[in-house]
Every structure is written in C-alpha cells, then in structure tokens.
>>> print(open('upload_9.pdb').read())   # PDB, C-alpha atoms
ATOM      1  CA  MET A   1     -15.775 -17.645  12.171
ATOM      2  CA  GLU A   2     -14.957 -14.511  14.116
ATOM      3  CA  THR A   3     -17.678 -12.633  15.911
ATOM      4  CA  VAL A   4     -18.105  -8.877  15.599
ATOM      5  CA  GLU A   5     -16.736  -8.510  19.121
ATOM      6  CA  ILE A   6     -13.540 -10.390  18.264
ATOM      7  CA  ARG A   7     -13.040  -8.380  15.080
ATOM      8  CA  THR A   8     -13.641  -5.130  16.977
ATOM      9  CA  SER A   9     -11.231  -6.162  19.705
ATOM     10  CA  ASN A  10      -8.574  -7.112  17.138
ATOM     11  CA  ALA A  11      -9.054  -3.770  15.377
ATOM     12  CA  ILE A  12      -8.776  -1.787  18.616
ATOM     13  CA  LEU A  13      -5.703  -3.741  19.705
ATOM     14  CA  GLN A  14      -4.393  -3.500  16.125
ATOM     15  CA  GLN A  15      -3.933  -7.265  15.858
ATOM     16  CA  PRO A  16      -2.510  -8.155  12.461
ATOM     17  CA  ILE A  17      -4.168 -10.612  10.118
ATOM     18  CA  ASP A  18      -2.156 -12.951   7.933
ATOM     19  CA  ILE A  19      -2.589 -12.718   4.168
ATOM     20  CA  GLU A  20      -0.662 -14.894   1.738
ATOM     21  CA  ILE A  21       0.376 -13.170  -1.479
ATOM     22  CA  LEU A  22       2.401 -15.025  -4.083
ATOM     23  CA  GLY A  23       3.649 -17.559  -1.558
ATOM     24  CA  LYS A  24       4.734 -14.975   1.009
ATOM     25  CA  THR A  25       2.777 -14.317   4.205
ATOM     26  CA  TYR A  26       2.204 -10.700   5.189
ATOM     27  CA  HIS A  27       1.009  -9.598   8.628
ATOM     28  CA  VAL A  28      -1.541  -6.898   7.808
ATOM     29  CA  ALA A  29      -2.462  -4.676  10.728
ATOM     30  CA  PRO A  30      -5.678  -2.657  10.769
ATOM     31  CA  PRO A  31      -4.974   0.543   8.862
ATOM     32  CA  SER A  32      -3.776   3.644  10.657
ATOM     33  CA  VAL A  33      -5.073   7.036   9.590
ATOM     34  CA  ALA A  34      -1.773   7.602   7.759
ATOM     35  CA  THR A  35      -2.258   4.349   5.835
ATOM     36  CA  LEU A  36      -5.792   5.347   4.821
ATOM     37  CA  ILE A  37      -4.587   8.781   3.699
ATOM     38  CA  LEU A  38      -1.830   7.237   1.561
ATOM     39  CA  ALA A  39      -4.258   4.675   0.100
ATOM     40  CA  SER A  40      -6.717   7.453  -0.677
ATOM     41  CA  ALA A  41      -3.991   9.439  -2.448
ATOM     42  CA  ALA A  42      -3.108   6.372  -4.535
ATOM     43  CA  ILE A  43      -6.784   5.745  -5.339
ATOM     44  CA  SER A  44      -7.086   9.321  -6.601
ATOM     45  CA  LYS A  45      -4.551   8.408  -9.315
ATOM     46  CA  MET A  46      -6.948   5.808 -10.728
ATOM     47  CA  PRO A  47      -8.671   6.824 -13.968
ATOM     48  CA  ALA A  48     -12.366   7.535 -14.151
ATOM     49  CA  VAL A  49     -14.141   4.670 -15.895
ATOM     50  CA  ASN A  50     -17.345   5.231 -17.805
ATOM     51  CA  LYS A  51     -19.416   2.339 -16.453
ATOM     52  CA  ASP A  52     -22.261   3.217 -18.823
ATOM     53  CA  ALA A  53     -20.116   2.802 -21.937
ATOM     54  CA  GLU A  54     -21.624   0.609 -24.641
ATOM     55  CA  ASN A  55     -18.560  -1.574 -24.923
ATOM     56  CA  GLY A  56     -17.025  -2.136 -21.494
ATOM     57  CA  VAL A  57     -14.092  -4.103 -22.892
ATOM     58  CA  TYR A  58     -12.860  -1.163 -24.987
ATOM     59  CA  GLU A  59     -13.446   1.259 -22.123
ATOM     60  CA  THR A  60     -11.449  -0.980 -19.790
ATOM     61  CA  LEU A  61      -8.589  -1.367 -22.244
ATOM     62  CA  ALA A  62      -8.535   2.385 -22.858
ATOM     63  CA  VAL A  63      -7.852   3.141 -19.183
ATOM     64  CA  ALA A  64      -5.858   0.005 -18.259
ATOM     65  CA  ALA A  65      -2.503   1.757 -18.683
ATOM     66  CA  ASP A  66      -3.437   4.162 -15.898
ATOM     67  CA  CYS A  67      -4.451   1.408 -13.479
ATOM     68  CA  ALA A  68      -0.958   0.741 -12.129
ATOM     69  CA  ALA A  69      -2.109   2.610  -9.026
ATOM     70  CA  LEU A  70      -4.157  -0.465  -8.093
ATOM     71  CA  GLY A  71      -0.970  -2.353  -7.224
ATOM     72  CA  GLU A  72       0.161   0.661  -5.215
ATOM     73  CA  VAL A  73      -3.141   0.778  -3.286
ATOM     74  CA  ILE A  74      -2.929  -2.901  -2.350
ATOM     75  CA  ALA A  75       0.749  -2.560  -1.387
ATOM     76  CA  ILE A  76      -0.059   0.407   0.893
ATOM     77  CA  LEU A  77      -2.896  -1.471   2.594
ATOM     78  CA  VAL A  78      -0.757  -4.592   3.062
ATOM     79  CA  LEU A  79       2.451  -2.893   4.232
ATOM     80  CA  GLY A  80       0.916   0.006   6.147
ATOM     81  CA  ALA A  81       2.282   3.554   6.281
ATOM     82  CA  LYS A  82       5.266   2.504   8.422
ATOM     83  CA  GLY A  83       6.286  -0.433   6.212
ATOM     84  CA  LEU A  84       6.538   1.296   2.835
ATOM     85  CA  LYS A  85      10.308   1.604   3.019
ATOM     86  CA  ARG A  86      12.859  -0.744   4.519
ATOM     87  CA  THR A  87      16.603  -0.747   4.972
ATOM     88  CA  ASP A  88      18.593  -3.692   3.637
ATOM     89  CA  LYS A  89      22.215  -4.411   4.436
ATOM     90  CA  VAL A  90      24.356  -4.965   1.365
ATOM     91  CA  ILE A  91      27.897  -6.250   1.184
ATOM     92  CA  THR A  92      29.933  -4.826  -1.660
ATOM     93  CA  ALA A  93      33.225  -6.463  -2.507
ATOM     94  CA  THR A  94      36.065  -4.706  -4.211
ATOM     95  CA  GLU A  95      39.431  -6.021  -5.259
ATOM     96  CA  LYS A  96      42.420  -3.812  -4.624
ATOM     97  CA  ARG A  97      45.782  -4.433  -6.241
ATOM     98  CA  TYR A  98      49.135  -3.469  -4.813
ATOM     99  CA  LEU A  99      52.707  -3.633  -6.135
ATOM    100  CA  PHE A 100      51.820  -3.433  -9.804
ATOM    101  CA  GLY A 101      49.042  -6.019  -9.447
ATOM    102  CA  LEU A 102      51.152  -8.714  -7.821
ATOM    103  CA  ILE A 103      49.245  -8.549  -4.544
ATOM    104  CA  LYS A 104      45.487  -8.693  -4.638
ATOM    105  CA  ARG A 105      43.245  -8.004  -1.681
ATOM    106  CA  ARG A 106      39.554  -8.388  -1.549
ATOM    107  CA  GLU A 107      37.842  -5.847   0.654
ATOM    108  CA  GLU A 108      34.222  -6.080   1.692
ATOM    109  CA  GLU A 109      32.180  -3.134   2.808
ATOM    110  CA  LEU A 110      28.858  -3.351   4.585
ATOM    111  CA  SER A 111      26.413  -0.603   3.653
ATOM    112  CA  GLU A 112      22.740   0.058   4.118
ATOM    113  CA  VAL A 113      20.418   0.657   1.202
ATOM    114  CA  GLU A 114      16.905   2.022   1.491
ATOM    115  CA  VAL A 115      14.429  -0.093  -0.491
ATOM    116  CA  ASP A 116      10.998   1.069  -1.633
ATOM    117  CA  ALA A 117       8.996  -1.934  -0.395
ATOM    118  CA  LYS A 118       5.748  -0.420  -1.701
ATOM    119  CA  GLU A 119       7.068  -0.161  -5.264
ATOM    120  CA  GLU A 120       8.562  -3.658  -5.033
ATOM    121  CA  LEU A 121       5.304  -5.274  -3.856
ATOM    122  CA  ALA A 122       3.154  -3.247  -6.267
ATOM    123  CA  ARG A 123       5.284  -4.326  -9.233
ATOM    124  CA  GLU A 124       5.203  -7.951  -8.053
ATOM    125  CA  LEU A 125       1.401  -7.852  -7.766
ATOM    126  CA  LEU A 126       0.889  -6.254 -11.174
ATOM    127  CA  GLU A 127       3.258  -8.645 -12.918
ATOM    128  CA  ASN A 128       2.086 -11.899 -11.317
ATOM    129  CA  LEU A 129      -1.626 -11.635 -10.476
ATOM    130  CA  SER A 130      -4.536 -11.839 -12.864
ATOM    131  CA  PRO A 131      -7.239  -9.137 -12.734
ATOM    132  CA  ARG A 132      -9.533 -11.588 -10.923
ATOM    133  CA  GLN A 133      -6.851 -12.386  -8.326
ATOM    134  CA  MET A 134      -6.188  -8.651  -7.790
ATOM    135  CA  ASN A 135      -9.900  -8.067  -7.275
ATOM    136  CA  GLU A 136     -10.214 -10.971  -4.819
ATOM    137  CA  LEU A 137      -7.116  -9.807  -2.919
ATOM    138  CA  MET A 138      -8.391  -6.231  -2.665
ATOM    139  CA  ASN A 139     -11.823  -7.410  -1.521
ATOM    140  CA  SER A 140     -10.358  -9.747   1.103
ATOM    141  CA  ILE A 141      -8.107  -7.013   2.497
ATOM    142  CA  LEU A 142     -10.922  -4.473   2.672
ATOM    143  CA  ALA A 143     -13.318  -7.011   4.220
ATOM    144  CA  GLN A 144     -10.872  -7.782   7.018
ATOM    145  CA  MET A 145     -10.083  -4.140   7.762
ATOM    146  CA  ASP A 146     -12.637  -2.464   9.955
ATOM    147  CA  ILE A 147     -12.627   1.008   8.436
ATOM    148  CA  ALA A 148     -16.295   1.736   9.152
ATOM    149  CA  PHE A 149     -15.396   3.815  12.217
ATOM    150  CA  PHE A 150     -13.008   5.972  10.176
ATOM    151  CA  LEU A 151     -15.612   6.389   7.439
ATOM    152  CA  GLY A 152     -18.250   7.354  10.007
ATOM    153  CA  THR A 153     -15.906   9.950  11.499
ATOM    154  CA  LEU A 154     -15.182  11.422   8.072
ATOM    155  CA  ILE A 155     -18.878  11.631   7.231
ATOM    156  CA  SER A 156     -19.752  13.310  10.528
ATOM    157  CA  LEU A 157     -16.886  15.812  10.148
ATOM    158  CA  THR A 158     -17.973  16.568   6.590
ATOM    159  CA  GLU A 159     -21.533  17.159   7.781
ATOM    160  CA  ILE A 160     -20.273  19.502  10.501
ATOM    161  CA  ASN A 161     -18.278  21.372   7.880
ATOM    162  CA  LEU A 162     -21.343  21.621   5.603
ATOM    163  CA  THR A 163     -23.433  22.882   8.503
ATOM    164  CA  ARG A 164     -20.896  25.614   9.226
ATOM    165  CA  ALA A 165     -20.876  26.681   5.583
ATOM    166  CA  LYS A 166     -24.675  26.945   5.574
ATOM    167  CA  ARG A 167     -24.672  29.015   8.747
ATOM    168  CA  LYS A 168     -22.218  31.496   7.225
ATOM    169  CA  THR A 169     -24.212  31.856   4.012
ATOM    170  CA  THR A 170     -27.522  32.269   5.803
ATOM    171  CA  ALA A 171     -26.013  34.768   8.228
ATOM    172  CA  SER A 172     -24.476  36.831   5.444
ATOM    173  CA  GLY A 173     -27.676  36.669   3.375
ATOM    174  CA  GLN A 174     -29.707  38.438   6.090
TER     175      GLN A 174
END
>>> encode(input="upload_9.pdb", output="structure tokens")
Amino acid sequence: METVEIRTSNAILQQPIDIEILGKTYHVAPPSVATLILASAAISKMPAVNKDAENGVYETLAVAADCAALGEVIAILVLGAKGLKRTDKVITATEKRYLFGLIKRREEELSEVEVDAKEELARELLENLSPRQMNELMNSILAQMDIAFFLGTLISLTEINLTRAKRKTTASGQ
C-alpha cells in the first residue's frame, strides 16, 4: 500500500500508473490542467438525472442514450490531453498496368493517418464493458489521480471571484 507521501511524490513527478483495460495496459499519468478541462467539457455533455424519480430504472433508461459521454470522459482521463490523437503509418498498395495490361507493377506508398485515439477507446469501452465495470474503472481512475490540489485551487479562485463581486455591489450600493 502506498503512503500519502509516495502518492504525492508520484503526482508531483507525474509518475504514470498502470491500468489494464480490456487486456491492454495503459500508463495513466496524473492529469494535467488541460486533461481536467477536457474531461470537464465531456462531463458537461452528460444528461441530468432525476435521482428522486419514483422509478429509477425508467429514469436511467430514458437518459441512457445521452450517456455516451461517459466513455469519452474515461478515455480522456486514461489517454491524457496529449494522447487523444495519434499518427499511424499506413501502407497502401496499388497495382499499375503498362502496355495494355501485359506488365503489372505493384507500388506501395507509405502515408501517415491521424487516428482519434479518444474516440477509438471510448467506443471500445462502451461496446465491451458492463455498467458495473465502467463504474469500477471510473472510480479506480479517479481514486488514483490526486486532483484534490486542483479542486482546492478552483474553490479558492471561485471564492476570490465571489468576494470581488460582493465588493463591487456593496461599493455601488453606497
């Protein structure tokens, strides 16, 4: 078991943690501010769920179609802001014919294709994991990411902003 000091040190040094998803191991680094911003934007796409609804099953099924963003959120947290796109090398082969088709030549061309790794992983997660597995994966990722410092900074900045707004209103009211 890791101590708080080790976890803090790993977070400061941005040491990645290993998470296995569908048989593939991902090295998940502590989130950068850009990663948290992108995850927050994806979370904002999630539907509002009425947790006080009489029949939770019907409420869940009613909003399930809009929950594809959950796969996107997990993919962003796993891949990080820098890993959302990747470039793959692809070899395309073409056959060229000369002299009325008597001579055939196969030509290969190497090209680079940009792949949306976030979309690929999100689709894989949504298609292959059960709701329970998605929940456990999300909880394990969030538990291992030390985002308390970022949250504390946001709260303190919000409070500063609220204090400034109050000062302006009280100054203008006098």
>>> residues_around(input="upload_9.pdb", residues="range 38-49 of chain A", least_positions_apart="4", cutoff="10 Å", atoms="only C-alpha atoms", output="ChimeraX atom specification")
/A:31-34,53,56,59-60,62-77,80-81
>>> residues_around(input="upload_9.pdb", residues="Leu79 in chain A", least_positions_apart="3", cutoff="8 Å", atoms="all atoms listed in the file", output="list in words")
Tyr26, Val28, Ala75, Ile76, Lys82, Gly83, Leu84 and Lys118 of chain A
>>> atom_distance(input="upload_9.pdb", atom1="CA of Leu22 in chain A", atom2="CA of Asn128 in chain A")
7.9 Å
>>> atom_distance(input="upload_9.pdb", atom1="CA of Glu114 in chain A", atom2="CA of Arg86 in chain A")
5.8 Å
>>> atom_distance(input="upload_9.pdb", atom1="CA of Met145 in chain A", atom2="CA of Lys24 in chain A")
19.6 Å
>>> decode(input="upload_9.pdb", residues="range 18-50 of chain A", atoms="C-alpha atoms", output="CSV table (one decimal), in the first residue's frame")
chain,number,residue,atom,x,y,z
A,18,ASP,CA,-0.7,1.2,-14.9
A,19,ILE,CA,-4.4,0.4,-15.6
A,20,GLU,CA,-5.5,-2.7,-17.5
A,21,ILE,CA,-8.5,-2.1,-19.8
A,22,LEU,CA,-9.8,-4.9,-21.9
A,23,GLY,CA,-6.5,-6.8,-21.9
A,24,LYS,CA,-4.4,-3.7,-22.8
A,25,THR,CA,-2.2,-1.9,-20.3
A,26,TYR,CA,-2.4,1.9,-20.3
A,27,HIS,CA,0.1,4.1,-18.5
A,28,VAL,CA,-2.1,6.8,-16.9
A,29,ALA,CA,-0.2,9.9,-15.8
A,30,PRO,CA,-1.7,12.3,-13.2
A,31,PRO,CA,-4.0,14.6,-15.1
A,32,SER,CA,-2.7,17.9,-16.4
A,33,VAL,CA,-4.9,21.0,-16.3
A,34,ALA,CA,-5.7,20.5,-20.0
A,35,THR,CA,-6.8,17.0,-19.3
A,36,LEU,CA,-9.1,18.1,-16.5
A,37,ILE,CA,-10.6,20.8,-18.7
A,38,LEU,CA,-11.3,18.4,-21.5
A,39,ALA,CA,-12.8,15.8,-19.0
A,40,SER,CA,-15.0,18.6,-17.5
A,41,ALA,CA,-16.2,19.6,-21.0
A,42,ALA,CA,-17.1,15.9,-21.7
A,43,ILE,CA,-18.9,15.6,-18.3
A,44,SER,CA,-21.0,18.7,-19.2
A,45,LYS,CA,-22.4,16.6,-22.1
A,46,MET,CA,-23.9,14.1,-19.6
A,47,PRO,CA,-27.6,14.3,-19.1
A,48,ALA,CA,-29.1,15.5,-15.8
A,49,VAL,CA,-30.6,12.5,-14.0
A,50,ASN,CA,-33.5,12.9,-11.6
